[in-house]
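**Q** Pasting upload_13.txt below, which is compact mmCIF, C-alpha atoms.
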# COMPACT_ATOMS: atom_id res chain seq x y z
CA MET A 1053 0.00 0.00 0.00
CA THR A 1054 1.58 3.28 -1.13
CA PRO A 1055 1.40 6.48 0.93
CA LEU A 1056 -1.05 7.96 -1.61
CA VAL A 1057 -3.42 5.01 -1.27
CA ALA A 1058 -3.09 5.05 2.53
CA THR A 1059 -3.88 8.78 2.60
CA ALA A 1060 -6.97 8.27 0.42
CA VAL A 1061 -8.25 5.52 2.72
CA LEU A 1062 -7.65 7.63 5.84
CA ILE A 1063 -9.59 10.53 4.27
CA ALA A 1064 -12.35 8.01 3.54
CA ALA A 1065 -12.29 6.96 7.20
CA PHE A 1066 -12.90 10.54 8.38
CA THR A 1067 -15.67 11.20 5.88
CA HIS A 1068 -17.31 7.86 6.64
CA ALA A 1069 -17.44 8.57 10.37
CA GLY A 1070 -18.90 11.98 9.53
CA TRP A 1071 -21.82 10.69 7.51
CA ASN A 1072 -22.58 7.99 10.07
CA ALA A 1073 -22.68 10.63 12.80
CA ILE A 1074 -25.09 12.72 10.71
CA ALA A 1075 -27.26 9.64 10.17
CA HIS A 1076 -27.32 8.85 13.89
CA ALA A 1077 -28.09 12.45 14.87
CA ILE A 1078 -31.36 12.46 12.90
CA LYS A 1079 -33.53 10.54 15.35
CA ASP A 1080 -36.04 9.33 12.75
CA GLN A 1081 -33.76 6.77 11.16
CA LEU A 1082 -36.04 6.12 8.17
CA VAL A 1083 -35.95 9.85 7.35
CA SER A 1084 -32.17 9.89 7.86
CA PHE A 1085 -31.38 7.00 5.56
CA THR A 1086 -33.96 8.07 2.98
CA LEU A 1087 -32.11 11.37 2.61
CA ILE A 1088 -28.68 9.74 2.50
CA SER A 1089 -29.72 7.01 0.06
CA GLY A 1090 -31.74 9.40 -2.07
CA GLY A 1091 -28.92 11.93 -2.08
CA GLY A 1092 -26.49 9.22 -3.15
CA LEU A 1093 -28.88 8.29 -5.96
CA LEU A 1094 -28.96 11.90 -7.20
CA ILE A 1095 -25.16 12.25 -7.00
CA GLY A 1096 -24.67 8.94 -8.81
CA ALA A 1097 -27.14 9.87 -11.55
CA ALA A 1098 -25.42 13.23 -12.10
CA ALA A 1099 -21.96 11.64 -12.19
CA ALA A 1100 -22.99 8.79 -14.50
CA ALA A 1101 -23.38 11.24 -17.40
CA PHE A 1102 -19.71 12.21 -17.20
CA VAL A 1103 -17.85 9.02 -16.25
CA PRO A 1104 -17.15 5.81 -18.21
CA PHE A 1105 -19.87 3.15 -18.25
CA PRO A 1106 -18.80 0.06 -16.25
CA ALA A 1107 -17.72 -2.95 -18.29
CA ALA A 1108 -20.20 -5.81 -18.69
CA ALA A 1109 -18.15 -8.05 -16.40
CA ALA A 1110 -18.79 -5.70 -13.47
CA TRP A 1111 -22.58 -5.77 -13.54
CA PRO A 1112 -23.18 -9.03 -11.62
CA TYR A 1113 -20.99 -7.61 -8.86
CA LEU A 1114 -22.84 -4.28 -8.96
CA ALA A 1115 -26.20 -6.06 -8.56
CA LEU A 1116 -25.01 -8.21 -5.66
CA SER A 1117 -23.26 -5.27 -4.01
CA ALA A 1118 -26.38 -3.10 -4.23
CA ALA A 1119 -28.38 -5.82 -2.44
CA LEU A 1120 -25.69 -6.11 0.26
CA HIS A 1121 -25.55 -2.33 0.68
CA VAL A 1122 -29.31 -2.11 1.18
CA THR A 1123 -29.07 -4.91 3.76
CA TYR A 1124 -26.23 -3.04 5.45
CA MET A 1125 -28.26 0.19 5.56
CA LEU A 1126 -31.25 -1.57 7.13
CA LEU A 1127 -29.07 -3.26 9.76
CA LEU A 1128 -27.23 -0.01 10.49
CA MET A 1129 -30.56 1.76 10.95
CA ARG A 1130 -31.56 -0.93 13.40
CA SER A 1131 -28.32 -0.79 15.41
CA PHE A 1132 -28.40 3.03 15.58
CA THR A 1133 -32.00 2.89 16.80
CA LEU A 1134 -31.15 0.40 19.57
CA GLY A 1135 -27.70 1.48 20.78
CA ASP A 1136 -25.22 4.30 21.39
CA PHE A 1137 -23.29 5.59 18.38
CA GLY A 1138 -19.94 5.23 20.16
CA GLN A 1139 -20.57 1.50 20.70
CA MET A 1140 -22.59 0.42 17.66
CA TYR A 1141 -20.33 2.10 15.10
CA PRO A 1142 -17.11 0.43 16.35
CA ILE A 1143 -18.74 -3.00 16.58
CA ALA A 1144 -20.16 -2.74 13.07
CA ARG A 1145 -16.90 -1.53 11.56
CA GLY A 1146 -14.57 -3.60 13.75
CA THR A 1147 -15.92 -6.99 12.72
CA ALA A 1148 -15.32 -6.39 9.01
CA PRO A 1149 -11.51 -6.45 8.47
CA LEU A 1150 -10.82 -10.01 9.66
CA VAL A 1151 -13.83 -11.32 7.71
CA VAL A 1152 -12.62 -9.48 4.60
CA THR A 1153 -9.17 -11.02 5.06
CA VAL A 1154 -10.69 -14.51 5.04
CA LEU A 1155 -13.05 -13.80 2.12
CA ALA A 1156 -10.28 -12.20 0.04
CA ALA A 1157 -8.04 -15.21 0.64
CA VAL A 1158 -10.75 -17.74 -0.24
CA PHE A 1159 -12.52 -16.03 -3.16
CA VAL A 1160 -9.99 -13.57 -4.58
CA GLY A 1161 -6.75 -15.45 -3.91
CA GLU A 1162 -5.21 -12.54 -1.99
CA ARG A 1163 -3.09 -13.91 0.82
CA PRO A 1164 -1.46 -11.05 2.73
CA ASP A 1165 2.18 -11.29 3.78
CA GLY A 1166 3.24 -11.63 7.38
CA TRP A 1167 3.39 -7.90 8.12
CA ALA A 1168 -0.03 -7.21 6.60
CA THR A 1169 -1.57 -10.20 8.38
CA ALA A 1170 -0.15 -9.07 11.71
CA GLY A 1171 -1.36 -5.53 11.03
CA VAL A 1172 -4.90 -6.64 10.22
CA ALA A 1173 -5.00 -8.84 13.34
CA VAL A 1174 -3.67 -6.13 15.69
CA ALA A 1175 -5.85 -3.40 14.16
CA SER A 1176 -8.92 -5.62 14.38
CA ALA A 1177 -8.16 -6.38 18.02
CA GLY A 1178 -8.00 -2.67 18.70
CA LEU A 1179 -11.22 -2.02 16.80
CA VAL A 1180 -13.21 -4.73 18.55
CA GLY A 1181 -11.61 -3.88 21.90
CA MET A 1182 -12.65 -0.26 21.51
CA ALA A 1183 -16.24 -1.43 21.18
CA LEU A 1184 -16.40 -4.25 23.74
CA TRP A 1185 -14.24 -2.60 26.42
CA GLY A 1186 -16.32 0.50 25.96
CA ILE A 1187 -19.41 -1.48 26.85
CA ARG A 1188 -17.69 -2.95 29.90
CA GLY A 1189 -16.44 0.43 31.08
CA SER A 1190 -19.66 2.30 30.50
CA GLY A 1191 -21.42 0.87 33.53
CA LYS A 1192 -24.25 -0.34 31.31
CA ARG A 1193 -25.35 -3.90 30.74
CA PRO A 1194 -24.78 -5.00 27.15
CA HIS A 1195 -27.86 -4.52 24.99
CA TRP A 1196 -27.64 -7.76 23.05
CA PRO A 1197 -30.22 -7.01 20.31
CA ALA A 1198 -28.24 -3.87 19.44
CA ILE A 1199 -24.93 -5.78 19.51
CA VAL A 1200 -26.31 -8.54 17.27
CA ALA A 1201 -27.57 -5.93 14.79
CA ALA A 1202 -24.14 -4.26 14.79
CA LEU A 1203 -22.34 -7.58 14.28
CA ALA A 1204 -24.66 -8.44 11.40
CA THR A 1205 -23.91 -5.00 9.96
CA GLY A 1206 -20.20 -5.86 10.07
CA LEU A 1207 -20.80 -9.09 8.15
CA ALA A 1208 -22.70 -7.14 5.49
CA ILE A 1209 -19.79 -4.67 5.28
CA ALA A 1210 -17.35 -7.54 4.77
CA GLY A 1211 -19.59 -8.99 2.06
CA TYR A 1212 -19.92 -5.84 -0.02
CA THR A 1213 -16.27 -4.91 0.51
CA THR A 1214 -15.15 -8.21 -1.03
CA VAL A 1215 -17.70 -8.09 -3.85
CA ASP A 1216 -16.81 -4.50 -4.72
CA GLY A 1217 -13.09 -5.24 -4.57
CA VAL A 1218 -13.56 -7.71 -7.43
CA GLY A 1219 -16.25 -5.73 -9.25
CA VAL A 1220 -14.42 -2.40 -9.37
CA ARG A 1221 -11.35 -4.08 -10.86
CA ALA A 1222 -13.53 -5.62 -13.57
CA SER A 1223 -15.35 -2.36 -14.30
CA GLY A 1224 -12.56 -0.46 -16.02
CA SER A 1225 -13.48 2.70 -14.09
CA SER A 1226 -13.77 3.17 -10.34
CA LEU A 1227 -15.77 6.38 -10.94
CA GLY A 1228 -18.22 4.62 -13.24
CA TYR A 1229 -18.58 1.76 -10.78
CA VAL A 1230 -19.31 3.99 -7.78
CA ALA A 1231 -21.77 6.13 -9.78
CA TRP A 1232 -23.86 3.15 -10.83
CA LEU A 1233 -23.58 1.53 -7.40
CA MET A 1234 -25.08 4.69 -5.86
CA ILE A 1235 -27.89 4.58 -8.41
CA LEU A 1236 -28.71 0.92 -7.84
CA GLU A 1237 -28.54 0.97 -4.04
CA GLY A 1238 -30.15 4.40 -3.69
CA VAL A 1239 -33.62 3.41 -4.86
CA ALA A 1240 -34.76 0.85 -2.28
CA ILE A 1241 -34.96 2.84 0.97
CA PRO A 1242 -36.66 5.97 -0.51
CA VAL A 1243 -39.25 3.73 -2.19
CA TYR A 1244 -39.84 1.88 1.09
CA ALA A 1245 -40.13 5.18 2.98
CA LEU A 1246 -42.63 6.50 0.46
CA HIS A 1247 -44.67 3.32 0.89
CA ARG A 1248 -44.61 3.63 4.69
CA ARG A 1249 -45.04 7.38 5.15
CA ARG A 1250 -46.91 8.28 1.93
CA SER A 1251 -47.94 11.94 1.70
CA ALA A 1252 -46.38 12.79 5.07
CA LEU A 1253 -42.87 11.92 3.87
CA THR A 1254 -42.05 15.23 2.20
CA ALA A 1255 -42.85 17.24 5.31
CA GLN A 1256 -40.81 14.85 7.44
CA LEU A 1257 -37.78 15.10 5.14
CA ARG A 1258 -37.77 18.89 4.76
CA PRO A 1259 -36.29 19.89 8.18
CA TYR A 1260 -33.32 17.55 7.70
CA ALA A 1261 -32.75 17.92 3.96
CA LEU A 1262 -29.47 19.84 4.09
CA ARG A 1263 -27.95 17.59 6.73
CA GLY A 1264 -29.10 14.50 4.87
CA LEU A 1265 -27.66 15.66 1.56
CA LEU A 1266 -24.37 16.52 3.27
CA GLY A 1267 -24.34 13.00 4.68
CA ALA A 1268 -24.96 11.63 1.18
CA ALA A 1269 -22.06 13.63 -0.26
CA LEU A 1270 -19.73 12.40 2.49
CA SER A 1271 -20.91 8.82 1.95
CA VAL A 1272 -20.26 8.91 -1.80
CA THR A 1273 -16.85 10.53 -1.26
CA ALA A 1274 -15.84 7.98 1.37
CA TYR A 1275 -16.77 4.93 -0.65
CA GLY A 1276 -15.46 6.34 -3.91
CA LEU A 1277 -12.03 6.73 -2.31
CA VAL A 1278 -12.18 3.19 -0.93
CA LEU A 1279 -13.14 1.73 -4.32
CA TRP A 1280 -10.26 3.58 -5.97
CA ALA A 1281 -7.90 2.27 -3.29
CA GLN A 1282 -9.12 -1.30 -3.90
CA THR A 1283 -7.90 -1.08 -7.49
CA ARG A 1284 -4.38 -0.31 -6.24
CA ALA A 1285 -3.94 -2.38 -3.07
CA ALA A 1286 -5.01 -5.68 -1.54
CA LEU A 1287 -8.51 -5.79 -0.06
CA ALA A 1288 -7.68 -6.79 3.53
CA PRO A 1289 -5.26 -3.95 4.39
CA VAL A 1290 -7.57 -1.40 2.74
CA ALA A 1291 -10.51 -2.74 4.77
CA ALA A 1292 -8.56 -2.64 8.02
CA LEU A 1293 -7.14 0.84 7.44
CA ARG A 1294 -10.57 2.18 6.48
CA GLU A 1295 -11.93 1.04 9.82
CA SER A 1296 -9.70 3.54 11.58
CA SER A 1297 -12.88 5.58 11.14
CA ILE A 1298 -14.07 4.08 14.41
CA ILE A 1299 -11.46 6.13 16.29
CA VAL A 1300 -13.04 9.21 14.72
CA GLY A 1301 -16.48 7.78 15.46
CA ALA A 1302 -15.64 7.23 19.13
CA ALA A 1303 -14.38 10.82 19.39
CA ILE A 1304 -17.56 12.11 17.74
CA GLY A 1305 -19.64 10.05 20.15
CA THR A 1306 -17.78 11.60 23.08
CA VAL A 1307 -17.85 15.23 21.89
CA PHE A 1308 -21.24 15.49 20.21
CA PHE A 1309 -23.34 12.73 21.77
CA LYS A 1310 -21.82 12.94 25.29
CA GLU A 1311 -20.91 9.25 25.29
CA ARG A 1312 -18.02 8.04 27.44
CA PHE A 1313 -14.65 7.38 25.78
CA GLY A 1314 -12.42 6.37 28.71
CA ALA A 1315 -8.99 4.78 29.15
CA PRO A 1316 -9.89 1.34 27.71
CA ARG A 1317 -10.81 2.88 24.38
CA ILE A 1318 -7.61 4.95 24.39
CA ALA A 1319 -5.65 1.70 24.78
CA ALA A 1320 -7.66 0.11 21.98
CA ALA A 1321 -6.96 3.12 19.77
CA GLY A 1322 -3.26 2.59 20.45
CA LEU A 1323 -3.55 -0.98 19.18
CA MET A 1324 -5.20 0.40 16.05
CA VAL A 1325 -2.25 2.73 15.42
CA VAL A 1326 0.22 -0.16 15.87
CA GLY A 1327 -1.80 -2.26 13.44
CA ILE A 1328 -1.78 0.50 10.83
CA GLY A 1329 1.98 0.77 11.18
CA LEU A 1330 2.38 -2.96 10.60
CA MET A 1331 0.10 -2.87 7.54
CA LEU A 1332 2.15 -0.09 5.99
CA HIS A 1333 5.50 -1.77 6.77
CA THR A 1334 7.54 -2.66 3.72
CA SER A 1335 10.07 -5.46 3.99
Using the file provided, produce a representation of the structure as structure tokens.
**A**
Amino acid sequence: MTPLVATAVLIAAFTHAGWNAIAHAIKDQLVSFTLISGGGLLIGAAAAAFVPFPAAAAWPYLALSAALHVTYMLLLMRSFTLGDFGQMYPIARGTAPLVVTVLAAVFVGERPDGWATAGVAVASAGLVGMALWGIRGSGKRPHWPAIVAALATGLAIAGYTTVDGVGVRASGSSLGYVAWLMILEGVAIPVYALHRRRSALTAQLRPYALRGLLGAALSVTAYGLVLWAQTRAALAPVAALRESSIIVGAAIGTVFFKERFGAPRIAAAGLMVVGIGLMLHTS
């Protein structure tokens, strides 16, 4: 992984934590994700007119990825409804890197070297520790339905990360791939919201429109950078480095949502930094 690719993924981590925080802050989660999905659809449709059309080989991956992204959105909505941002976001993101490592090895034939493997393992330990130690140190009993939803979200993340890692390489254009992915995945939740809320939906969306569209722009930017990085580096290190967003997410939870950070999460963040260093080591 070159410094340019690593920088792109770290920028993606910051923007990803930002849009998730915006999504969590809008208490009506169906309104929140309708705006973010619908905004992504509009951005993708506008971009599609100016970027290359994905190659035919990429379309099966686009279709499967869109279904996995919608599943991910629904599970993320559920976990944000049930639990604290500072706990649900790390659990959801922290489960993905090790699963991606396994999936990439089995289905893509990418077997990371010793340094990258150690980096993914240490970073993942820090990510999961930040979540689970945070629960232990918060003085609250674990809310298992929320934790299960967050873990399932992480599995969905690992699924679409692996699918997109193959699909974007087959597409011939990372910009074309992300534009059409936003179009395909952006339809389902707005259509569902319109079915559920009917004529009341427009009035419910209006107060949050600017925040929702900002979240959509951050979401498209974050994933576009990740897809570009996946064309230039192995999937597992990109996935692990991207999940440094949970450090940002934990800080956002502390500052904006008044959720406890604490010494255990600081230690877990230190593990994350060590893991990143190992991933970027060149022998």
**Q** For segment 1159-1248 of chain A versus segment 1112-1135 of chain A, which residues have an atom no more than 9 Å away, and what is each residue's nearest atom pair and distance in Å rounded to one decimal, using all atoms listed in the file, chain-then-number order, as JSON lines?
**A**
{"residue": "A:His1195", "atom": "CA", "partner": "A:Gly1135", "partner_atom": "CA", "distance": 7.3}
{"residue": "A:Pro1197", "atom": "CA", "partner": "A:Leu1134", "partner_atom": "CA", "distance": 7.5}
{"residue": "A:Ala1198", "atom": "CA", "partner": "A:Ser1131", "partner_atom": "CA", "distance": 5.1}
{"residue": "A:Ile1199", "atom": "CA", "partner": "A:Ser1131", "partner_atom": "CA", "distance": 7.3}
{"residue": "A:Val1200", "atom": "CA", "partner": "A:Ser1131", "partner_atom": "CA", "distance": 8.2}
{"residue": "A:Ala1201", "atom": "CA", "partner": "A:Ser1131", "partner_atom": "CA", "distance": 5.2}
{"residue": "A:Ala1202", "atom": "CA", "partner": "A:Ser1131", "partner_atom": "CA", "distance": 5.5}
{"residue": "A:Ala1204", "atom": "CA", "partner": "A:Leu1127", "partner_atom": "CA", "distance": 7.0}
{"residue": "A:Thr1205", "atom": "CA", "partner": "A:Tyr1124", "partner_atom": "CA", "distance": 5.4}
{"residue": "A:Gly1206", "atom": "CA", "partner": "A:Tyr1124", "partner_atom": "CA", "distance": 8.1}
{"residue": "A:Leu1207", "atom": "CA", "partner": "A:Tyr1124", "partner_atom": "CA", "distance": 8.6}
{"residue": "A:Ala1208", "atom": "CA", "partner": "A:Tyr1124", "partner_atom": "CA", "distance": 5.4}
{"residue": "A:Ile1209", "atom": "CA", "partner": "A:Tyr1124", "partner_atom": "CA", "distance": 6.6}
{"residue": "A:Gly1211", "atom": "CA", "partner": "A:Leu1120", "partner_atom": "CA", "distance": 7.0}
{"residue": "A:Tyr1212", "atom": "CA", "partner": "A:Ser1117", "partner_atom": "CA", "distance": 5.2}
{"residue": "A:Thr1213", "atom": "CA", "partner": "A:Ser1117", "partner_atom": "CA", "distance": 8.3}
{"residue": "A:Val1215", "atom": "CA", "partner": "A:Tyr1113", "partner_atom": "CA", "distance": 6.0}
{"residue": "A:Asp1216", "atom": "CA", "partner": "A:Ser1117", "partner_atom": "CA", "distance": 6.5}
{"residue": "A:Val1218", "atom": "CA", "partner": "A:Tyr1113", "partner_atom": "CA", "distance": 7.6}
{"residue": "A:Gly1219", "atom": "CA", "partner": "A:Tyr1113", "partner_atom": "CA", "distance": 5.1}
{"residue": "A:Val1220", "atom": "CA", "partner": "A:Tyr1113", "partner_atom": "CA", "distance": 8.4}
{"residue": "A:Tyr1229", "atom": "CA", "partner": "A:Leu1114", "partner_atom": "CA", "distance": 7.6}
{"residue": "A:Trp1232", "atom": "CA", "partner": "A:Leu1114", "partner_atom": "CA", "distance": 7.7}
{"residue": "A:Leu1233", "atom": "CA", "partner": "A:Leu1114", "partner_atom": "CA", "distance": 6.1}
{"residue": "A:Met1234", "atom": "CA", "partner": "A:Ala1118", "partner_atom": "CA", "distance": 8.1}
{"residue": "A:Ile1235", "atom": "CA", "partner": "A:Ala1118", "partner_atom": "CA", "distance": 8.9}
{"residue": "A:Leu1236", "atom": "CA", "partner": "A:Ala1118", "partner_atom": "CA", "distance": 5.9}
{"residue": "A:Glu1237", "atom": "CA", "partner": "A:Ala1118", "partner_atom": "CA", "distance": 4.6}
{"residue": "A:Gly1238", "atom": "CA", "partner": "A:Val1122", "partner_atom": "CA", "distance": 8.2}
{"residue": "A:Ala1240", "atom": "CA", "partner": "A:Val1122", "partner_atom": "CA", "distance": 7.1}
{"residue": "A:Ile1241", "atom": "CA", "partner": "A:Val1122", "partner_atom": "CA", "distance": 7.5}
**Q** Could you check the closest approach to Phe1159 of chain A for each of A:Leu1287, A:Ala1177, A:Leu1093, A:Val1307 and tell me which residue wins, using only C-alpha atoms?
**A**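 Nearest to Phe1159 of chain A: A:Leu1287.
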**Q** Residues of segment 1085-1156 of chain A within 10 Å of segment 1246-1261 of chain A: nearest atom pair and distance (Å, one decimal) for each, counting only C-alpha atoms, sorted by chain and number, as a tab-separated table?
**A**
residue	atom	partner	partner_atom	distance
A:Thr1086	CA	A:Leu1257	CA	8.3
A:Leu1087	CA	A:Ala1261	CA	6.7
A:Ile1088	CA	A:Ala1261	CA	9.3
A:Gly1091	CA	A:Ala1261	CA	9.3
**Q** Near Thr1067 of chain A, counting all atoms listed in the file, which residues have an atom at most 8 Å away, once you skip same-chain residues fewer than 2 positions from it, shown as JSON, numbers by chain?
**A** {"A": [1063, 1064, 1065, 1069, 1070, 1071, 1270, 1271, 1273, 1274]}
**Q** Please produce an output containing C-alpha atoms for each residue in the selection, written as an mmCIF file, keeping the file's coordinate frame.
**A**
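File produced: out-v3.cif:
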data_model
loop_
_atom_site.group_PDB
_atom_site.id
_atom_site.type_symbol
_atom_site.label_atom_id
_atom_site.label_comp_id
_atom_site.auth_asym_id
_atom_site.auth_seq_id
_atom_site.Cartn_x
_atom_site.Cartn_y
_atom_site.Cartn_z
ATOM 1 C CA ILE A 1063 -9.590 10.530 4.270
ATOM 2 C CA ALA A 1064 -12.350 8.010 3.540
ATOM 3 C CA ALA A 1065 -12.290 6.960 7.200
ATOM 4 C CA ALA A 1069 -17.440 8.570 10.370
ATOM 5 C CA GLY A 1070 -18.900 11.980 9.530
ATOM 6 C CA TRP A 1071 -21.820 10.690 7.510
ATOM 7 C CA LEU A 1270 -19.730 12.400 2.490
ATOM 8 C CA SER A 1271 -20.910 8.820 1.950
ATOM 9 C CA THR A 1273 -16.850 10.530 -1.260
ATOM 10 C CA ALA A 1274 -15.840 7.980 1.370
#
**Q** Grab the atom CA of Gly1301 of chain A to atom CA of Gly1146 of chain A distance for me, in Å with one decimal place.
**A**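 Taking atom CA of Gly1301 of chain A as the start and atom CA of Gly1146 of chain A as the end point, the length is 11.7 Å.
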**Q** I need the residue nearest Asp1165 of chain A from this list: A:Leu1082, A:Val1326, A:Ala1286, A:Ala1319. Use all atoms listed in the file for the distance.
**A**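 With all atoms listed in the file as the atom set, the closest residue is A:Ala1286.
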**Q** Identify the residues around (2.8, -8.4, 9.2) within a radius of 9 Å, measuring from only C-alpha atoms in the coordinates stated by the file, and give them as a PyMOL selection string.
**A** chain A and resi 1164-1173+1327+1330-1333
**Q** Some atoms are missing, so please complete segment 1110-1123 of chain A with N, CA, C and O atoms and return it as a PDB file, in the coordinates of the input.
**A**
ATOM      1  N   ALA A1110     -18.584  -6.245 -14.808  1.00  0.00           N
ATOM      2  CA  ALA A1110     -18.790  -5.700 -13.470  1.00  0.00           C
ATOM      3  C   ALA A1110     -20.233  -5.751 -13.009  1.00  0.00           C
ATOM      4  O   ALA A1110     -20.496  -5.636 -11.799  1.00  0.00           O
ATOM      5  N   TRP A1111     -21.178  -5.927 -13.917  1.00  0.00           N
ATOM      6  CA  TRP A1111     -22.580  -5.770 -13.540  1.00  0.00           C
ATOM      7  C   TRP A1111     -23.119  -6.826 -12.579  1.00  0.00           C
ATOM      8  O   TRP A1111     -23.912  -6.492 -11.685  1.00  0.00           O
ATOM      9  N   PRO A1112     -22.730  -8.089 -12.677  1.00  0.00           N
ATOM     10  CA  PRO A1112     -23.180  -9.030 -11.620  1.00  0.00           C
ATOM     11  C   PRO A1112     -22.714  -8.615 -10.233  1.00  0.00           C
ATOM     12  O   PRO A1112     -23.457  -8.753  -9.247  1.00  0.00           O
ATOM     13  N   TYR A1113     -21.500  -8.078 -10.144  1.00  0.00           N
ATOM     14  CA  TYR A1113     -20.990  -7.610  -8.860  1.00  0.00           C
ATOM     15  C   TYR A1113     -21.736  -6.364  -8.389  1.00  0.00           C
ATOM     16  O   TYR A1113     -22.023  -6.208  -7.193  1.00  0.00           O
ATOM     17  N   LEU A1114     -22.063  -5.471  -9.321  1.00  0.00           N
ATOM     18  CA  LEU A1114     -22.840  -4.280  -8.960  1.00  0.00           C
ATOM     19  C   LEU A1114     -24.201  -4.674  -8.396  1.00  0.00           C
ATOM     20  O   LEU A1114     -24.649  -4.105  -7.391  1.00  0.00           O
ATOM     21  N   ALA A1115     -24.874  -5.640  -9.036  1.00  0.00           N
ATOM     22  CA  ALA A1115     -26.200  -6.060  -8.560  1.00  0.00           C
ATOM     23  C   ALA A1115     -26.121  -6.682  -7.177  1.00  0.00           C
ATOM     24  O   ALA A1115     -26.915  -6.351  -6.277  1.00  0.00           O
ATOM     25  N   LEU A1116     -25.154  -7.576  -6.971  1.00  0.00           N
ATOM     26  CA  LEU A1116     -25.010  -8.210  -5.660  1.00  0.00           C
ATOM     27  C   LEU A1116     -24.600  -7.194  -4.606  1.00  0.00           C
ATOM     28  O   LEU A1116     -25.132  -7.196  -3.482  1.00  0.00           O
ATOM     29  N   SER A1117     -23.690  -6.282  -4.957  1.00  0.00           N
ATOM     30  CA  SER A1117     -23.260  -5.270  -4.010  1.00  0.00           C
ATOM     31  C   SER A1117     -24.401  -4.354  -3.603  1.00  0.00           C
ATOM     32  O   SER A1117     -24.523  -3.980  -2.432  1.00  0.00           O
ATOM     33  N   ALA A1118     -25.237  -3.972  -4.560  1.00  0.00           N
ATOM     34  CA  ALA A1118     -26.380  -3.100  -4.230  1.00  0.00           C
ATOM     35  C   ALA A1118     -27.288  -3.774  -3.206  1.00  0.00           C
ATOM     36  O   ALA A1118     -27.751  -3.135  -2.253  1.00  0.00           O
ATOM     37  N   ALA A1119     -27.547  -5.091  -3.395  1.00  0.00           N
ATOM     38  CA  ALA A1119     -28.380  -5.820  -2.440  1.00  0.00           C
ATOM     39  C   ALA A1119     -27.718  -5.862  -1.055  1.00  0.00           C
ATOM     40  O   ALA A1119     -28.383  -5.672  -0.020  1.00  0.00           O
ATOM     41  N   LEU A1120     -26.409  -6.080  -1.022  1.00  0.00           N
ATOM     42  CA  LEU A1120     -25.690  -6.110   0.260  1.00  0.00           C
ATOM     43  C   LEU A1120     -25.671  -4.734   0.919  1.00  0.00           C
ATOM     44  O   LEU A1120     -25.784  -4.625   2.147  1.00  0.00           O
ATOM     45  N   HIS A1121     -25.539  -3.680   0.116  1.00  0.00           N
ATOM     46  CA  HIS A1121     -25.550  -2.330   0.680  1.00  0.00           C
ATOM     47  C   HIS A1121     -26.904  -1.977   1.283  1.00  0.00           C
ATOM     48  O   HIS A1121     -26.974  -1.325   2.331  1.00  0.00           O
ATOM     49  N   VAL A1122     -27.978  -2.373   0.622  1.00  0.00           N
ATOM     50  CA  VAL A1122     -29.310  -2.110   1.180  1.00  0.00           C
ATOM     51  C   VAL A1122     -29.475  -2.867   2.498  1.00  0.00           C
ATOM     52  O   VAL A1122     -29.989  -2.325   3.492  1.00  0.00           O
ATOM     53  N   THR A1123     -29.032  -4.132   2.526  1.00  0.00           N
ATOM     54  CA  THR A1123     -29.070  -4.910   3.760  1.00  0.00           C
ATOM     55  C   THR A1123     -28.269  -4.225   4.861  1.00  0.00           C
ATOM     56  O   THR A1123     -28.714  -4.120   6.017  1.00  0.00           O
TER      57      THR A1123
END
